[in-house]
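Following: one structure in structure tokens, then a few remarks.
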Amino acid sequence: MIDAFTPGRRTVLKLAGAGAAGALLPGVAGAAYPAALVKAAKAEDGLNTIALPPDWANYGAIISTFEKKFGISIKNAAPDDTSAQELQSIRSLKGQSRGPDVVDVGLSFALDGAKEGLFRPYKVSTWSSIPASMKDPGGLWYGDYFGLVSFGVNMSVAKVAPRTWADLKKPIYKGMVALNGSPLGAGAAFAAVFAAALANGGSLDDIMPGIAFFADLAKRGNFDPSAATSASLVSGQTPVVVNWDYLNLAQAKGSKTMTKIETIIPADAKPYGAFYCQAISKFAPHPKAAELWQEFIYSDEGQLLYLKGFAHPARFSEMAKSGAIPKSMLAELPPAKPYGEALFATIEQTKKAQAALTANWTKMVKA
């Protein structure tokens, strides 16, 4: 399971459909929040988040639940910003009341932010149950949820769903394949290139075949360089979106009365998995509210809200063992097999891949 996961090695994730699920007890364990922290957070009269689309990892429900629970209003700026833009907001809004208090960024950007000194350390009360491989030892950043790279396919437009990375090269997908942004700035797009590398002779130590794959897609005219959104997937503007499984699964559920969206984990390679990271800005205008936000989303209550949006929370293993996950919620999750085969990059491998992308993406993927 994830608490035993060593990035870069095969990970055994007993997530759904496993025999152990039958032993889980229904209900949600109540969270106790430090009274002094709640009082201090309320006194700050607000919390500034950034780049949290309501349909991404169930953030709409997470935000509204926090607001109702604590009576603290959240200003969620620029919902569609990338991880890179989140870091830029910390820099450019330093010392301003509208600066972000917290960010939710891909691992490579969490590493950048920590190195640059953009974050301040904080360890939540559930710190010990966050896997060591998903957190900075000093508390500068910590993984909140993870998923696998998948294809989200609008069946009204694509007609035939691609089942492998090789299928994306077929002429029937001309102009259809899109990412959620540039891999130089968007964590999901970065992961998509890594996943493509695993299917095309690359490895966790070599992302170059993934860059070459998208360069080939662009040359064939199959790659659409516009940044895909949930709306563009449903409308058919970007009929095949390479994105996180939890986003495609949630979109499929939410749009089933409008159009059929199929979510596919490509079959021609080991799935690639990665996690996003929370961090508190070093210059947070509402530092206590930021701490309370972290306490909330790392509580059982907050972690289950991620799971409701099909994003597997960082504390999944510990919560499963304790019976904190309702059986009804487990039943809605995808089959466990792809998660049991998933590969995760180490911090060192992520840095290496990031450097290769920076040096080669723009000049190779001429789209």
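A note on labels: chains of the structure tokens are A, B, ... as shown, every chain counts residues from 1, and ligands are counted from 1 in their shown order.
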Checklist entry - What residues in segment 214-348 of chain A get the DSSP label strand (DSSP E or B)? Please answer as a PyMOL selection string. => result chain A and resi 223-224+240-244+261-264+272-281+312-313+343-344
Checklist entry - Near Gly187 of chain A, within 12 Å and counting only C-alpha atoms, which residues show up once chain neighbours fewer than 3 positions away are dropped, as a PyMOL selection string? => result chain A and resi 81-86+104-110+146-147+149+179-184+190-194+242-244+273-277+350+354
Checklist entry - For Ile211 of chain A, which of A:Ala197, A:Ile280, A:Leu52, A:Ala43 is the closest residue, counting only C-alpha atoms? => result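 Counting only C-alpha atoms, the residue closest to Ile211 of chain A is A:Ala197.
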Next on the checklist: So that I can see what lies close to Met155 of chain A, please list as a PyMOL selection string the residues with an atom at most 8 Å from it, counting only C-alpha atoms and leaving out residues fewer than 2 positions away in the same chain.
Outcome noted: chain A and resi 153+157-161+239+259-262
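Distances to Thr164 of chain A were evaluated for A:Leu204, A:Leu111, A:Val103, A:Ile264 using only C-alpha atoms, and the minimum falls at A:Ile264.
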Using only C-alpha atoms, what table do you get, as JSON lines, when you list each residue of segment 83-148 of chain A with an atom no more than 12 Å from segment 310-323 of chain A, its nearest pair of atoms, and their distance in Å rounded to one decimal, rows by chain then rising number?
{"residue": "A:Thr126", "atom": "CA", "partner": "A:Arg315", "partner_atom": "CA", "distance": 8.7}
{"residue": "A:Trp127", "atom": "CA", "partner": "A:Arg315", "partner_atom": "CA", "distance": 9.4}
{"residue": "A:Ser128", "atom": "CA", "partner": "A:Arg315", "partner_atom": "CA", "distance": 9.5}
{"residue": "A:Ser129", "atom": "CA", "partner": "A:Arg315", "partner_atom": "CA", "distance": 6.0}
{"residue": "A:Ile130", "atom": "CA", "partner": "A:Arg315", "partner_atom": "CA", "distance": 5.5}
{"residue": "A:Pro131", "atom": "CA", "partner": "A:Ala314", "partner_atom": "CA", "distance": 7.2}
{"residue": "A:Ala132", "atom": "CA", "partner": "A:Ala314", "partner_atom": "CA", "distance": 10.4}
{"residue": "A:Ser133", "atom": "CA", "partner": "A:Ala314", "partner_atom": "CA", "distance": 10.4}
{"residue": "A:Met134", "atom": "CA", "partner": "A:Ala314", "partner_atom": "CA", "distance": 7.7}
{"residue": "A:Lys135", "atom": "CA", "partner": "A:Ala314", "partner_atom": "CA", "distance": 9.8}
{"residue": "A:Tyr142", "atom": "CA", "partner": "A:Ala314", "partner_atom": "CA", "distance": 8.9}
{"residue": "A:Gly143", "atom": "CA", "partner": "A:Ala314", "partner_atom": "CA", "distance": 6.1}
{"residue": "A:Asp144", "atom": "CA", "partner": "A:Ala314", "partner_atom": "CA", "distance": 5.1}
{"residue": "A:Tyr145", "atom": "CA", "partner": "A:Pro313", "partner_atom": "CA", "distance": 4.1}
{"residue": "A:Phe146", "atom": "CA", "partner": "A:His312", "partner_atom": "CA", "distance": 5.4}
{"residue": "A:Gly147", "atom": "CA", "partner": "A:Ala311", "partner_atom": "CA", "distance": 6.1}
{"residue": "A:Leu148", "atom": "CA", "partner": "A:Ala311", "partner_atom": "CA", "distance": 9.4}
All heavy atoms of the current selection, written as a compact mmCIF listing (two decimals), in the first residue's frame:
# COMPACT_ATOMS: atom_id res chain seq x y z
N THR A 126 -1.84 14.91 11.81
CA THR A 126 -1.82 13.56 11.23
C THR A 126 -0.53 13.29 10.45
O THR A 126 -0.48 12.38 9.62
CB THR A 126 -3.04 13.36 10.31
OG1 THR A 126 -3.06 14.43 9.35
CG2 THR A 126 -4.34 13.35 11.09
N TRP A 127 0.49 14.08 10.72
CA TRP A 127 1.76 14.01 9.98
C TRP A 127 2.33 12.59 9.88
O TRP A 127 2.81 12.17 8.82
CB TRP A 127 2.77 14.93 10.65
CG TRP A 127 4.11 14.99 10.00
CD1 TRP A 127 5.26 14.34 10.38
CD2 TRP A 127 4.47 15.75 8.84
NE1 TRP A 127 6.29 14.65 9.54
CE2 TRP A 127 5.83 15.52 8.58
CE3 TRP A 127 3.75 16.61 8.00
CZ2 TRP A 127 6.50 16.10 7.52
CZ3 TRP A 127 4.43 17.20 6.94
CH2 TRP A 127 5.78 16.95 6.71
N SER A 128 2.27 11.85 10.97
CA SER A 128 2.91 10.52 10.99
C SER A 128 2.27 9.54 10.02
O SER A 128 2.92 8.58 9.60
CB SER A 128 2.88 9.94 12.40
OG SER A 128 1.54 9.74 12.83
N SER A 129 1.02 9.76 9.64
CA SER A 129 0.35 8.82 8.73
C SER A 129 0.45 9.24 7.28
O SER A 129 -0.10 8.58 6.39
CB SER A 129 -1.12 8.64 9.14
OG SER A 129 -1.82 9.87 9.08
N ILE A 130 1.15 10.34 6.99
CA ILE A 130 1.48 10.69 5.61
C ILE A 130 2.76 9.95 5.26
O ILE A 130 3.76 10.07 5.98
CB ILE A 130 1.71 12.21 5.44
CG1 ILE A 130 0.46 12.99 5.88
CG2 ILE A 130 2.07 12.54 3.99
CD1 ILE A 130 0.68 14.50 5.91
N PRO A 131 2.79 9.14 4.20
CA PRO A 131 4.00 8.38 3.87
C PRO A 131 5.23 9.27 3.78
O PRO A 131 5.17 10.39 3.27
CB PRO A 131 3.66 7.76 2.50
CG PRO A 131 2.17 7.68 2.49
CD PRO A 131 1.70 8.90 3.24
N ALA A 132 6.35 8.77 4.28
CA ALA A 132 7.59 9.55 4.29
C ALA A 132 7.99 9.99 2.89
O ALA A 132 8.56 11.07 2.71
CB ALA A 132 8.71 8.73 4.93
N SER A 133 7.68 9.16 1.89
CA SER A 133 8.06 9.48 0.52
C SER A 133 7.16 10.56 -0.10
O SER A 133 7.41 10.99 -1.22
CB SER A 133 8.00 8.22 -0.34
OG SER A 133 6.76 7.56 -0.16
N MET A 134 6.14 10.98 0.64
CA MET A 134 5.22 11.98 0.12
C MET A 134 5.31 13.29 0.91
O MET A 134 4.38 14.10 0.87
CB MET A 134 3.77 11.46 0.17
CG MET A 134 3.48 10.34 -0.80
SD MET A 134 1.74 9.78 -0.73
CE MET A 134 0.91 11.17 -1.52
N LYS A 135 6.42 13.52 1.61
CA LYS A 135 6.51 14.76 2.37
C LYS A 135 7.96 15.18 2.54
O LYS A 135 8.87 14.35 2.56
CB LYS A 135 5.84 14.60 3.73
CG LYS A 135 6.44 13.52 4.63
CD LYS A 135 5.56 13.25 5.84
CE LYS A 135 6.13 12.12 6.70
NZ LYS A 135 5.21 11.75 7.79
N TYR A 142 3.89 18.64 1.52
CA TYR A 142 3.40 17.31 1.84
C TYR A 142 2.34 16.91 0.83
O TYR A 142 1.47 17.70 0.46
CB TYR A 142 2.83 17.25 3.27
CG TYR A 142 2.57 18.60 3.88
CD1 TYR A 142 1.36 19.25 3.71
CD2 TYR A 142 3.57 19.26 4.60
CE1 TYR A 142 1.13 20.51 4.25
CE2 TYR A 142 3.34 20.52 5.15
CZ TYR A 142 2.12 21.14 4.96
OH TYR A 142 1.89 22.39 5.48
N GLY A 143 2.42 15.66 0.35
CA GLY A 143 1.46 15.17 -0.62
C GLY A 143 0.06 15.12 -0.03
O GLY A 143 -0.12 14.77 1.13
N ASP A 144 -0.93 15.49 -0.83
CA ASP A 144 -2.31 15.45 -0.34
C ASP A 144 -3.16 14.39 -1.03
O ASP A 144 -4.01 13.77 -0.41
CB ASP A 144 -2.98 16.83 -0.43
CG ASP A 144 -2.71 17.54 -1.74
OD1 ASP A 144 -2.10 16.95 -2.65
OD2 ASP A 144 -3.13 18.71 -1.87
N TYR A 145 -2.92 14.14 -2.30
CA TYR A 145 -3.68 13.12 -3.03
C TYR A 145 -2.87 12.68 -4.24
O TYR A 145 -1.95 13.37 -4.67
CB TYR A 145 -5.06 13.65 -3.47
CG TYR A 145 -4.98 14.91 -4.31
CD1 TYR A 145 -4.88 14.84 -5.70
CD2 TYR A 145 -4.95 16.17 -3.72
CE1 TYR A 145 -4.79 15.99 -6.47
CE2 TYR A 145 -4.85 17.32 -4.48
CZ TYR A 145 -4.78 17.23 -5.85
OH TYR A 145 -4.66 18.37 -6.61
N PHE A 146 -3.22 11.52 -4.79
CA PHE A 146 -2.47 11.01 -5.95
C PHE A 146 -3.41 10.32 -6.92
O PHE A 146 -4.57 10.00 -6.59
CB PHE A 146 -1.36 10.06 -5.51
CG PHE A 146 -1.84 8.77 -4.88
CD1 PHE A 146 -2.00 7.62 -5.63
CD2 PHE A 146 -2.11 8.71 -3.52
CE1 PHE A 146 -2.43 6.43 -5.05
CE2 PHE A 146 -2.53 7.53 -2.92
CZ PHE A 146 -2.70 6.39 -3.68
N GLY A 147 -2.92 10.09 -8.13
CA GLY A 147 -3.71 9.41 -9.15
C GLY A 147 -2.82 8.87 -10.25
O GLY A 147 -1.59 8.94 -10.17
N LEU A 148 -3.45 8.32 -11.28
CA LEU A 148 -2.75 7.75 -12.42
C LEU A 148 -3.07 8.53 -13.68
O LEU A 148 -4.16 9.09 -13.81
CB LEU A 148 -3.15 6.28 -12.63
CG LEU A 148 -2.98 5.31 -11.47
CD1 LEU A 148 -3.38 3.90 -11.91
CD2 LEU A 148 -1.57 5.34 -10.93
Checklist outcome for this item: Judged by only C-alpha atoms, the minimum distance to Trp361 of chain A among A:Thr263, A:Met208, A:Glu291, A:Ala195 is found for A:Met208
